[in-house]
Number of protein chains: 4
Amino acid sequence: MSDNSFGHLFRFTTWGESHGPALGVVVDGVPPDLPISAEMIQRDLDRRKPGQSRYTTQRREADEVKILSGVFEDERTDGLRTTGTPISLLIENTDQRSKDYSEIRDKFRPGHADYTYFQKYGIRDYRGGGRSSARETAARVAAGAVAKLVIPNVTIRASLVQIGPHKIDYANFDWDQVDQNPFFCADPRAAETWATYLDGIRKAGSSAGAIVEVVAEGVPAGWGAPIYGKLSADIASAFMSINAVKGVEIGEGMHAAELTGEENADQMRSDRPLPKFLSNKAGGILGGISNGDPIVARFAVKPTSSILTPRQTVTTENEDSDIITKGRHDPCVGIRAVPIGEAMMACVLADHMLRHRGQTGREGGIGFGRNDL
Amino acid sequence: MSDNSFGHLFRFTTWGESHGPALGVVVDGVPPDLPISAEMIQRDLDRRKPGQSRYTTQRREADEVKILSGVFEDERTDGLRTTGTPISLLIENTDQRSKDYSEIRDKFRPGHADYTYFQKYGIRDYRGGGRSSARETAARVAAGAVAKLVIPNVTIRASLVQIGPHKIDYANFDWDQVDQNPFFCADPRAAETWATYLDGIRKAGSSAGAIVEVVAEGVPAGWGAPIYGKLSADIASAFMSINAVKGVEIGEGMHAAELTGEENADQMRSDRPLPKFLSNKAGGILGGISNGDPIVARFAVKPTSSILTPRQTVTTENEDSDIITKGRHDPCVGIRAVPIGEAMMACVLADHMLRHRGQTGREGGIGFGRNDL
Amino acid sequence: MSDNSFGHLFRFTTWGESHGPALGVVVDGVPPDLPISAEMIQRDLDRRKPGQSRYTTQRREADEVKILSGVFEDERTDGLRTTGTPISLLIENTDQRSKDYSEIRDKFRPGHADYTYFQKYGIRDYRGGGRSSARETAARVAAGAVAKLVIPNVTIRASLVQIGPHKIDYANFDWDQVDQNPFFCADPRAAETWATYLDGIRKAGSSAGAIVEVVAEGVPAGWGAPIYGKLSADIASAFMSINAVKGVEIGEGMHAAELTGEENADQMRSDRPLPKFLSNKAGGILGGISNGDPIVARFAVKPTSSILTPRQTVTTENEDSDIITKGRHDPCVGIRAVPIGEAMMACVLADHMLRHRGQTGREGGIGFGRNDL
Amino acid sequence: MSDNSFGHLFRFTTWGESHGPALGVVVDGVPPDLPISAEMIQRDLDRRKPGQSRYTTQRREADEVKILSGVFEDERTDGLRTTGTPISLLIENTDQRSKDYSEIRDKFRPGHADYTYFQKYGIRDYRGGGRSSARETAARVAAGAVAKLVIPNVTIRASLVQIGPHKIDYANFDWDQVDQNPFFCADPRAAETWATYLDGIRKAGSSAGAIVEVVAEGVPAGWGAPIYGKLSADIASAFMSINAVKGVEIGEGMHAAELTGEENADQMRSDRPLPKFLSNKAGGILGGISNGDPIVARFAVKPTSSILTPRQTVTTENEDSDIITKGRHDPCVGIRAVPIGEAMMACVLADHMLRHRGQTGREGGIGFGRNDL
């Protein structure tokens with residue numbers, strides 16, 4: 001049991017505060033002999049990095065990752081390979097500007113974790129939110145990059161599908177568009193709408209919520225587990241653990257409540273080597289176990305609580321006060337949540353692949369013709 | 001790591017199949033010296049029990065619970081008390097009618113876990129869904145009854161808030177109504193609408209989805225943990241682990257995406273002994289830690305996949321076929337999910353209370369006046 | 001985290017008190033499609049069963065096991081097979097004679113866990129030691145029988161190698177002798193000496209300690225883990241968790257302190273397909289990982305604390321008193337610890353096989369010729 | 001489940017290889033608001049540090065620890081305090097001299113983990129033993145220093161009690177002597193004998209085994225758990241996880257086998273506020289739970305396998321070869337194991353205090369007069 005760890009066989013532990021000297025992650029349980037490089041991990045980190053457009057925080061962090069353990073030079077190639085021992089990854093904090101946060105030492109920012117950390121621990125590193133800062137998610141993205149090595153046949157992609165009231169049109173959905181706009185948006189038209197909308201939000205000193213959709217293709221049938229180790233339950237936990245997330249959906253999600261049994265259950269037809277589903281309302285998971293179809297999951301990110309409108313709050317002495325959170329904040333934290341969602345999905349899947357392999361000796365489903373095995 | 005266990009300090013493990021001789025749960029980590037009785041647990045089980053109205057399965061199970069360990073006669077009173085050792089609870093299966101399911105031995109029921117279990121394990125107890133049957137949730141409800149003993153100051157209640165397209169009107173919300181209708185519905189008008197709607201669904205041999213809302217009052221600020229042990233993440237995992245659940249929300253949930261920062265962040269005012277929040281968009285959780293306000297969470301249950309309309313499927317030999325699932329099924333499994341949702345919430349909270357107490361030595365938040373401690 | 005569970009991928013949870021209605025175990029993580037039967041488990045239970053000779057307690061328990069879940073009829077044969085879901089095993093208590101223990105309600109038996117349970121929990125089921133009774137080990141033996149199914153190529157055997165001051169002579173060591181005497185002793189001469197010695201001990205109302213040696217053959221190189229998941233650490237934990245155990249050794253054990261580096265390190269010579277070790281001082285484990293040689297481990301069991309000589313103690317009111325523990329006790333609990341040691345070894349190895357397979361995709365070591373893989 | 005983590009509520013994860021850039025530990029679950037400093041941790045590290053006498057390796061490592069997270073400046077004092085978030089500690093490797101190890105790339109050193117790592121992972125960082133190097137124990141010692149903060153009323157001390165065939169005389173035992181000789185030996189006469197003995201061993205290029213005794217005073221009755229979470233089982237696991245350890249004992253240990261029931265069970269007499277035990281054969285633990293007496297545990301460390309005598313071995317191509325392990329090695333690794341044993345004991349006890357507090361709400365035993373509580 002560890003409040004800062006995630007996963008079982010593929011298990012990572014993060015540490016670090018927003019304005020401490022560094023943050024990092026220890027990834028344990030990585031299979032040996034996988035090719036790895038700092039560049040690989042850096043590519044994913046760069047996608048999450050702050051300051052890449054006017055829609056994300058202007059804090060300038062290089063987020064440069066160092067591999068401190070768990071790898072060794074491979075004599076057959078020139079590169080590094082994992083050794084099976086824990087991989088420690090370190091990212092130094094370089095642009096903290098701690099004085100921006102002097103006001104929040106004595107006041108609780110509404111919508112933030114300031115008050116709850118205070119009540120839990122009685123002491124907190126208030127600078128930039130300390131441990132509750134979204135900077136911790138850099139460590140997750142680094143862990144996710146390692147997780148992807150474990151499941152090379154799985155493709156994980158994500159798109160922002162809603163900002164504020166504006167949803168994408170799935171008719172326009174094109175994965176290739178995701179890296180063509182500052183929103184990781186698969187619908188180029190929606191991206192335009194969002195640009196206008198967010199410019200307004202940003203100028204008003206306000207902020208907007210968002211929804212991220214994560215899709216994993218190439219997951220064979222059979223990963224997951226029946227009851228509490230459900231693949232869906234672990235995805236829900238993974239996404240809900242991301243800062244500011246308030247809702248999680250698999251497949252039809254909350255909307256499943258409005259369907260009838262006929263509309264909801266995906267019918268099947270025979271196919272080779274495996275049967276096919278005629279629809280994917282299930283989001284690729286039945287009874288907590290993957291069914292071979294793409295895994296489709298979404299999560300809602302609330303609007304950044306740091307806004308320029310004065311809000312009512314109390315001080316650490318329990319006295320009334322007002323607060324404006326200046327700092328350098330994301331008008332829509334949902335944007336940078338896209339690579340984080342991908343990373344968490346990768347970690348869940350890597351863990352479940354290893355667990356499935358451990359229990360069954362197979363990396364995928366049993367297929368058909370059990371007597372032939 | 002155990003796919004059939006949930007929780008850490010308060011931890012339970014369930015076992016049993018739909019048509020096996022019995023099912024049960026072992027609850028570990030229960031504090032000693034708490035008053036307990038089989039009647040207490042039975043009361044909760046009776047709320048979940050099948051066959052109580054025409055809107056739930058007609059399978060007749062007494063669901064009678066036996067306490068096999070972990071309790072001892074208290075000489076001071078006449079009752080039983082917990083001893084701190086694991087509490088084993090057993091429920092015998094009495095009304096299995098296995099022949100109802102003979103057809104499904106060789107076919108996968110769309111929307112069910114039949115296919116995924118087959119792919120994962122290569123062997124499955126197909127009778128009534130085996131381990132993936134909702135009968136397992138009786139064990140959860142029993143565990144939840146024990147969990148409530150651990151957190152006596154917390155009141156956990158739930159209401160069905162939506163069936164199919166029909167939502168309750170929160171203006172009519174009245175907890176006292178929940179046990180006055182066959183839907184666990186806090187809005188008596190909605191209950192009437194649902195009765196008509198579900199009668200139609202039932203006669204059509206179809207089924208409907210639903211949304212359950214669970215509210216926990218009396219949780220002090222401070223329970224939960226910052227990162228992966230977030231109270232919200234554990235609630236998400238708990239709810240998503242319930243059969244047929246496809247979405248989970250805390251507070252504003254998926255709708256948080258549509259709010260601005262001003263609308264979303266709950267402002268605070270000084271009060272005694274603790275400050276108050278002027279709204280509860282957060283659903284009682286900030287940064288993964290309880291803030292002292294009621295915890296409000298929802299989950300969506302997909303429509304029962306067992307319907308009378310013929311559906312396309314494949315056989316265990318990967319050949320095309322059709323299937324009608326006769327059996328005795330709930331037209332809306334969401335109804336019986338209400339006490340299950342309460343039970344899972346109780347288990348999550350009991351676990352987090354113990355974890356919080358372990359780490360901090362306190363059962364609640366630090367309050368104000370830290371220097372006085 | 002669960003104080004009544006053991007293992008990770010292969011994980012079991014026991015429950016039950018000495019004089020409760022039943023005791024049992026839930027075994028989780030068992031791979032699917034393994035042949036299993038109650039008879040198989042019963043055979044192991046029968047070896048541990050009380051009352052089989054005058055050297056063990058005269059309590060008469062059938063220790064009859066029932067399989068309540070996790071298995072299904074195999075159509076290809078007539079037998080049962082595991083399904084991958086949790087296997088719940090139940091053993092009813094039938095011969096409790098609770099009145100024998102009426103005196104110990106108010107007094108702490110020296111050497112027993114009475115006082116420590118009282119201090120920990122403030123309440124305890126004093127009848128026959130309650131949860132701390134060695135009856136719990138029946139559940140371990142049942143779990144061990146399941147574990148053996150997971151590692152069919154491994155042979156686990158154990159022998160008592162010392163009772164009181166009398167050690168076996170390894171020159172006489174013969175596994176076939178183990179079931180030919182009431183001591184599970186591989187040295188028939190030692191068994192004779194022990195018979196005489198224990199008769200004296202028994203008549204004097206005293207008790208004797210013992211040492212059990214457990215050997216696992218057929219474990220390939222590669223099981224275990226480098227640091228805290230060491231195979232040796234898990235064996236130490238497993239053995240030390242058995243009632244009355246005070247010491248654990250691997251290979252040379254405590255005696256390793258007296259060796260020089262030359263004497264201790266097992267030299268290697270090339271062989272096919274794998275090199276061989278010229279000795280086995282390591283007891284089959286190097287750096288926490290199996291090396292392919294037999295795993296050799298020992299544990300010391302203290303003498304039964306229940307003796308007929310009056311002992312000084314205190315009451316639950318902290319007043320001086322004397323106590324004679326009548327009951328029906330083993331003059332040497334070490335004897336019945338032999339099948340328990342085998343069972344715990346089987347559980348540790350089954351767990352590590354699954355973990356190794358999960359992390360590496362292999363069931364054994366990499367062998368030689370890595371480039372050919 | 002994590003092979004590189006230890007503990008549950010107090011849980012640490014170590015990482016790093018002997019010749020990588022650094023090693024470190026993340027300590028999770030530390031209660032908030034405890035005073036902490038790098039100096040505090042450094043003091044313990046300095047006791048384990050290599051190169052402090054001619055009896056330990058001549059590798060020169062500063063072992064300078066940096067605190068990277070989990071602490072915050074306390075405004076009431078000038079020092080740092082824990083915040084409840086994970087504490088990341090980093091130690092850079094500065095004196096690796098990797099070329100010393102070039103020979104071992106292609107050969108397995110007898111008695112080392114080289115062969116087993118190779119079989120498990122198929123790839124290994126052979127430099128200095130990589131992950132299996134005793135350098136990892138620096139991270140344990142750092143974790144132990146943090147653990148001590150959690151249990152300030154417990155005094156943990158250790159002494160070497162045997163080197164090779166030479167045992168201490170307990171009549172001379174004096175804790176104040178431990179830091180007066182290069183062996184952490186509580187018996188000054190034994191220290192003299194050892195000096196002579198080890199000089200011979202060192203000159204002969206050989207090595208010696210040793211036994212360490214760890215004593216924890218001030219542990220109240222009630223810590224631990226009945227079955228698999230036994231305090232004794234966790235100590236056994238903790239000690240057996242230390243490099244080169246082959247045996248673990250609690251109280252009378254292996255010798256308990258030779259005692260009779262009368263000799264072994266510690267009698268009790270009434271005392272205030274708590275009764276006293278008339279002896280401590282149990283080593284402070286009964287039924288897996290502390291009894292209030294000092295906890296006494298020992299572990300045996302095998303002789304360093306790195307010796308100058310040529311040994312028979314095989315190459316990574318499975319061909320016969322000889323090897324002399326030059327490097328800079330401890331003639332008796334048992335010496336530096338003394339602070340490591342203290343650290344592991346501290347970690348086990350800190351974890352169990354938190355677990356006990358979580359489950360029972362108390363930090364110690366219930367005392368007497370339960371009705372007054």
# chains A, B, ... in the order shown; residues from 1 in each chain; ligands from 1
call {"tool": "closest_atom_pairs", "arguments": {"of": "chain A", "to": "chain D", "cutoff": "10 Å", "atoms": "only C-alpha atoms", "output": "tab-separated table"}}
result
residue	atom	partner	partner_atom	distance
A:Met1	CA	D:His8	CA	5.2
A:Ser2	CA	D:Asp28	CA	6.6
A:Asp3	CA	D:Gly29	CA	7.4
A:Asn4	CA	D:Asp28	CA	7.1
A:Ser5	CA	D:Asp28	CA	9.0
A:Gly7	CA	D:Met1	CA	8.2
A:His8	CA	D:Met1	CA	5.2
A:Leu9	CA	D:Met1	CA	6.4
A:Phe10	CA	D:Ser2	CA	8.4
A:Arg11	CA	D:Ser2	CA	6.9
A:Phe12	CA	D:Ser2	CA	9.0
A:Thr13	CA	D:Val26	CA	8.0
A:Thr14	CA	D:Pro86	CA	8.0
A:Trp15	CA	D:Pro86	CA	5.6
A:Gly16	CA	D:Ser69	CA	4.9
A:Glu17	CA	D:Ser69	CA	6.3
A:Ser18	CA	D:Ser69	CA	9.7
A:His19	CA	D:Ser69	CA	9.5
A:Gly20	CA	D:Ser69	CA	6.3
A:Pro21	CA	D:Leu68	CA	6.0
A:Ala22	CA	D:Leu68	CA	6.3
A:Leu23	CA	D:Leu68	CA	7.6
A:Gly24	CA	D:Ser88	CA	8.7
A:Val25	CA	D:Val26	CA	9.1
A:Val26	CA	D:Trp15	CA	7.3
A:Val27	CA	D:Trp15	CA	9.2
A:Asp28	CA	D:Ser2	CA	6.6
A:Gly29	CA	D:Ser2	CA	7.0
A:Pro31	CA	D:Tyr121	CA	8.0
A:Pro32	CA	D:Tyr121	CA	5.6
A:Asp33	CA	D:Ile123	CA	6.5
A:Ile67	CA	D:Pro21	CA	8.9
A:Leu68	CA	D:Pro21	CA	6.0
A:Ser69	CA	D:Gly16	CA	4.9
A:Gly70	CA	D:Gly16	CA	6.9
A:Val71	CA	D:Asp125	CA	7.8
A:Phe72	CA	D:Asp125	CA	5.9
A:Glu73	CA	D:Asp125	CA	8.4
A:Asp74	CA	D:Ile123	CA	8.6
A:Arg81	CA	D:Ile123	CA	8.6
A:Thr82	CA	D:Ile123	CA	8.3
A:Thr83	CA	D:Arg124	CA	5.8
A:Gly84	CA	D:Tyr121	CA	6.4
A:Thr85	CA	D:Arg131	CA	7.0
A:Pro86	CA	D:Trp15	CA	5.6
A:Ile87	CA	D:Trp15	CA	7.1
A:Ser88	CA	D:Trp15	CA	6.5
A:Glu92	CA	D:Leu68	CA	9.8
A:Tyr117	CA	D:Thr83	CA	9.4
A:Phe118	CA	D:Thr83	CA	9.9
A:Lys120	CA	D:Gly84	CA	8.9
A:Tyr121	CA	D:Pro32	CA	5.6
A:Gly122	CA	D:Asp33	CA	7.4
A:Ile123	CA	D:Thr83	CA	5.8
A:Arg124	CA	D:Thr83	CA	5.8
A:Asp125	CA	D:Phe72	CA	6.0
A:Tyr126	CA	D:Phe72	CA	9.3
A:Gly130	CA	D:Gly70	CA	9.3
A:Arg131	CA	D:Thr85	CA	7.0
A:Ser132	CA	D:Thr85	CA	9.7
call {"tool": "residues_around", "arguments": {"residues": "Gly111 of chain D", "least_positions_apart": "2", "cutoff": "10 Å", "atoms": "only C-alpha atoms", "output": "ChimeraX atom specification"}}
result
/C:261-262,264-268,281-282,285-287 /D:108-109,113-115,244,302-306
call {"tool": "write_last_selection", "arguments": {"atoms": "N, CA and C atoms", "output": "PDB file, in the first residue's frame"}}
result
ATOM      1  N   GLY C 261      35.330 -17.664   3.198  1.00  0.00           N
ATOM      2  CA  GLY C 261      34.865 -17.469   1.833  1.00  0.00           C
ATOM      3  C   GLY C 261      35.144 -18.676   0.959  1.00  0.00           C
ATOM      4  N   GLU C 262      36.294 -19.313   1.175  1.00  0.00           N
ATOM      5  CA  GLU C 262      36.645 -20.494   0.363  1.00  0.00           C
ATOM      6  C   GLU C 262      35.661 -21.631   0.624  1.00  0.00           C
ATOM      7  N   ASN C 264      32.629 -21.419   1.767  1.00  0.00           N
ATOM      8  CA  ASN C 264      31.208 -21.113   1.608  1.00  0.00           C
ATOM      9  C   ASN C 264      30.726 -21.045   0.167  1.00  0.00           C
ATOM     10  N   ALA C 265      31.522 -20.397  -0.694  1.00  0.00           N
ATOM     11  CA  ALA C 265      31.008 -20.132  -2.039  1.00  0.00           C
ATOM     12  C   ALA C 265      31.031 -21.398  -2.895  1.00  0.00           C
ATOM     13  N   ASP C 266      29.892 -21.764  -3.428  1.00  0.00           N
ATOM     14  CA  ASP C 266      29.793 -22.979  -4.233  1.00  0.00           C
ATOM     15  C   ASP C 266      30.450 -22.757  -5.593  1.00  0.00           C
ATOM     16  N   GLN C 267      31.443 -23.553  -5.890  1.00  0.00           N
ATOM     17  CA  GLN C 267      32.131 -23.432  -7.177  1.00  0.00           C
ATOM     18  C   GLN C 267      31.273 -24.042  -8.296  1.00  0.00           C
ATOM     19  N   MET C 268      31.598 -23.682  -9.514  1.00  0.00           N
ATOM     20  CA  MET C 268      30.800 -24.117 -10.655  1.00  0.00           C
ATOM     21  C   MET C 268      31.671 -24.816 -11.687  1.00  0.00           C
ATOM     22  N   LYS C 281      26.115 -25.029  -0.547  1.00  0.00           N
ATOM     23  CA  LYS C 281      26.112 -24.270   0.702  1.00  0.00           C
ATOM     24  C   LYS C 281      25.061 -23.163   0.665  1.00  0.00           C
ATOM     25  N   ALA C 282      24.782 -22.699  -0.536  1.00  0.00           N
ATOM     26  CA  ALA C 282      23.838 -21.586  -0.702  1.00  0.00           C
ATOM     27  C   ALA C 282      22.398 -22.016  -0.471  1.00  0.00           C
ATOM     28  N   ILE C 285      19.907 -20.732  -3.401  1.00  0.00           N
ATOM     29  CA  ILE C 285      19.514 -19.332  -3.617  1.00  0.00           C
ATOM     30  C   ILE C 285      20.736 -18.428  -3.537  1.00  0.00           C
ATOM     31  N   LEU C 286      20.934 -17.616  -4.577  1.00  0.00           N
ATOM     32  CA  LEU C 286      22.023 -16.638  -4.598  1.00  0.00           C
ATOM     33  C   LEU C 286      21.445 -15.266  -4.924  1.00  0.00           C
ATOM     34  N   GLY C 287      21.705 -14.301  -4.059  1.00  0.00           N
ATOM     35  CA  GLY C 287      21.184 -12.957  -4.316  1.00  0.00           C
ATOM     36  C   GLY C 287      19.665 -12.927  -4.344  1.00  0.00           C
TER      37      GLY C 287
ATOM     38  N   PHE D 108      30.984 -15.859 -14.090  1.00  0.00           N
ATOM     39  CA  PHE D 108      30.127 -15.761 -12.908  1.00  0.00           C
ATOM     40  C   PHE D 108      30.986 -15.954 -11.658  1.00  0.00           C
ATOM     41  N   ARG D 109      30.906 -15.027 -10.726  1.00  0.00           N
ATOM     42  CA  ARG D 109      31.670 -15.174  -9.488  1.00  0.00           C
ATOM     43  C   ARG D 109      30.949 -16.127  -8.537  1.00  0.00           C
ATOM     44  N   ALA D 113      25.585 -13.208  -6.983  1.00  0.00           N
ATOM     45  CA  ALA D 113      24.314 -13.317  -7.682  1.00  0.00           C
ATOM     46  C   ALA D 113      24.470 -13.243  -9.197  1.00  0.00           C
ATOM     47  N   ASP D 114      25.712 -13.249  -9.662  1.00  0.00           N
ATOM     48  CA  ASP D 114      25.950 -13.066 -11.099  1.00  0.00           C
ATOM     49  C   ASP D 114      25.156 -14.061 -11.946  1.00  0.00           C
ATOM     50  N   TYR D 115      25.297 -15.336 -11.579  1.00  0.00           N
ATOM     51  CA  TYR D 115      24.670 -16.387 -12.381  1.00  0.00           C
ATOM     52  C   TYR D 115      23.144 -16.314 -12.299  1.00  0.00           C
ATOM     53  N   ALA D 244      23.715 -11.367   1.561  1.00  0.00           N
ATOM     54  CA  ALA D 244      24.589 -12.369   2.189  1.00  0.00           C
ATOM     55  C   ALA D 244      24.024 -12.979   3.466  1.00  0.00           C
ATOM     56  N   LYS D 302      26.938 -14.497   5.611  1.00  0.00           N
ATOM     57  CA  LYS D 302      27.943 -15.417   5.092  1.00  0.00           C
ATOM     58  C   LYS D 302      29.237 -14.656   4.781  1.00  0.00           C
ATOM     59  N   PRO D 303      30.362 -15.343   4.679  1.00  0.00           N
ATOM     60  CA  PRO D 303      31.602 -14.644   4.325  1.00  0.00           C
ATOM     61  C   PRO D 303      31.514 -14.059   2.918  1.00  0.00           C
ATOM     62  N   THR D 304      32.135 -12.905   2.745  1.00  0.00           N
ATOM     63  CA  THR D 304      32.198 -12.291   1.420  1.00  0.00           C
ATOM     64  C   THR D 304      32.653 -13.313   0.393  1.00  0.00           C
ATOM     65  N   SER D 305      31.959 -13.367  -0.708  1.00  0.00           N
ATOM     66  CA  SER D 305      32.341 -14.339  -1.742  1.00  0.00           C
ATOM     67  C   SER D 305      33.517 -13.861  -2.575  1.00  0.00           C
ATOM     68  N   SER D 306      33.788 -12.574  -2.491  1.00  0.00           N
ATOM     69  CA  SER D 306      34.924 -12.038  -3.251  1.00  0.00           C
ATOM     70  C   SER D 306      36.208 -12.282  -2.483  1.00  0.00           C
TER      71      SER D 306
END
call {"tool": "residues_around", "arguments": {"residues": "Ser159 of chain D", "least_positions_apart": "5", "cutoff": "7 Å", "atoms": "only C-alpha atoms", "output": "mmCIF file with N, CA and C atoms, in the first residue's frame"}}
result
data_model
loop_
_atom_site.group_PDB
_atom_site.id
_atom_site.type_symbol
_atom_site.label_atom_id
_atom_site.label_comp_id
_atom_site.auth_asym_id
_atom_site.auth_seq_id
_atom_site.Cartn_x
_atom_site.Cartn_y
_atom_site.Cartn_z
ATOM 1 N N VAL D 178 30.134 -0.350 21.630
ATOM 2 C CA VAL D 178 29.873 -0.649 20.220
ATOM 3 C C VAL D 178 30.584 0.317 19.261
ATOM 4 N N PHE D 184 31.740 -2.673 15.610
ATOM 5 C CA PHE D 184 30.441 -2.496 16.261
ATOM 6 C C PHE D 184 30.229 -3.620 17.274
ATOM 7 N N CYS D 185 31.218 -3.862 18.117
ATOM 8 C CA CYS D 185 31.175 -5.003 19.027
ATOM 9 C C CYS D 185 30.984 -4.535 20.465
ATOM 10 N N ALA D 186 29.987 -5.107 21.129
ATOM 11 C CA ALA D 186 29.672 -4.701 22.503
ATOM 12 C C ALA D 186 30.604 -5.345 23.533
ATOM 13 N N VAL D 212 25.019 -10.827 13.581
ATOM 14 C CA VAL D 212 24.643 -9.518 14.116
ATOM 15 C C VAL D 212 23.436 -9.694 15.027
ATOM 16 N N GLU D 213 23.458 -9.044 16.165
ATOM 17 C CA GLU D 213 22.297 -9.067 17.058
ATOM 18 C C GLU D 213 21.707 -7.661 17.147
ATOM 19 N N VAL D 214 20.419 -7.569 16.916
ATOM 20 C CA VAL D 214 19.734 -6.270 16.947
ATOM 21 C C VAL D 214 18.721 -6.300 18.088
ATOM 22 N N VAL D 338 25.876 -4.241 10.510
ATOM 23 C CA VAL D 338 25.316 -3.842 11.803
ATOM 24 C C VAL D 338 24.362 -2.639 11.661
#
call {"tool": "atom_distance", "arguments": {"atom1": "atom CA of Ser241 of chain D", "atom2": "atom CA of Thr193 of chain D"}}
result
29.1 Å
call {"tool": "residues_around", "arguments": {"residues": "Phe277 of chain D", "least_positions_apart": "6", "cutoff": "10 Å", "atoms": "only C-alpha atoms", "output": "PyMOL selection string"}}
result
(chain C and resi 110+312-314) or (chain D and resi 265-271+284+291-293)
call {"tool": "closest_residue", "arguments": {"among": "C:Ser290, C:Gln162, C:Glu263, C:Ser279", "to": "Gly334 of chain C", "atoms": "only C-alpha atoms"}}
result
C:Gln162
call {"tool": "select_by_dssp", "arguments": {"residues": "segment 76-304 of chain A", "states": "strand (DSSP E or B)", "output": "ChimeraX atom specification"}}
result
/A:80-82,87-92,107,155-163,166-167,208,210-217,224,245-250,260,268-269,276-277,285-286,289-290,295-301
call {"tool": "write_last_selection", "arguments": {"atoms": "C-alpha atoms", "output": "compact mmCIF listing (two decimals), in the first residue's frame"}}
result
# COMPACT_ATOMS: atom_id res chain seq x y z
CA LEU A 80 20.60 1.08 -23.59
CA ARG A 81 18.42 -1.80 -22.52
CA THR A 82 16.38 -2.38 -19.40
CA ILE A 87 14.35 2.49 -13.36
CA SER A 88 14.78 5.78 -11.54
CA LEU A 89 13.99 8.88 -13.57
CA LEU A 90 14.81 12.40 -12.39
CA ILE A 91 13.56 15.77 -13.62
CA GLU A 92 15.01 18.90 -12.09
CA LYS A 107 -4.94 31.56 2.49
CA THR A 155 -1.10 1.91 -29.89
CA ILE A 156 -2.35 4.47 -27.40
CA ARG A 157 -3.60 7.82 -28.61
CA ALA A 158 -5.71 10.55 -27.09
CA SER A 159 -7.59 13.60 -28.23
CA LEU A 160 -9.28 16.45 -26.45
CA VAL A 161 -12.94 16.06 -27.39
CA GLN A 162 -14.54 18.93 -25.49
CA ILE A 163 -13.54 22.32 -24.08
CA HIS A 166 -17.79 22.95 -27.32
CA LYS A 167 -17.57 19.30 -28.36
CA ALA A 208 -12.40 26.20 -18.88
CA ALA A 210 -12.42 19.78 -20.87
CA ILE A 211 -12.89 16.14 -21.77
CA VAL A 212 -10.09 13.85 -22.95
CA GLU A 213 -10.67 10.64 -24.88
CA VAL A 214 -8.03 7.93 -24.80
CA VAL A 215 -8.06 5.01 -27.22
CA ALA A 216 -5.86 1.92 -27.00
CA GLU A 217 -5.71 -0.27 -30.09
CA GLY A 224 -7.96 -7.58 -16.92
CA VAL A 245 -10.42 14.97 -12.95
CA LYS A 246 -14.04 14.60 -11.79
CA GLY A 247 -15.49 11.94 -14.10
CA VAL A 248 -14.42 8.81 -15.94
CA GLU A 249 -16.17 6.85 -18.66
CA ILE A 250 -15.55 3.59 -20.50
CA THR A 260 -31.83 -0.13 -23.89
CA MET A 268 -20.86 -10.62 -32.57
CA ARG A 269 -20.17 -12.31 -35.89
CA LYS A 276 -15.70 -9.56 -34.43
CA PHE A 277 -17.99 -7.22 -32.57
CA ILE A 285 -14.07 -4.12 -21.97
CA LEU A 286 -16.63 -6.72 -20.84
CA ILE A 289 -11.61 -7.95 -19.24
CA SER A 290 -10.55 -6.66 -22.65
CA ILE A 295 -10.37 0.37 -25.48
CA VAL A 296 -12.13 3.71 -25.40
CA ALA A 297 -12.15 5.79 -22.23
CA ARG A 298 -12.79 9.43 -21.38
CA PHE A 299 -12.23 11.69 -18.43
CA ALA A 300 -13.46 15.17 -17.54
CA VAL A 301 -11.04 17.79 -16.26
call {"tool": "select_by_dssp", "arguments": {"residues": "segment 78-282 of chain D", "states": "alpha helix (DSSP H)", "output": "PyMOL selection string"}}
result
chain D and resi 114-121+136-150+188-203+231-240+261-264
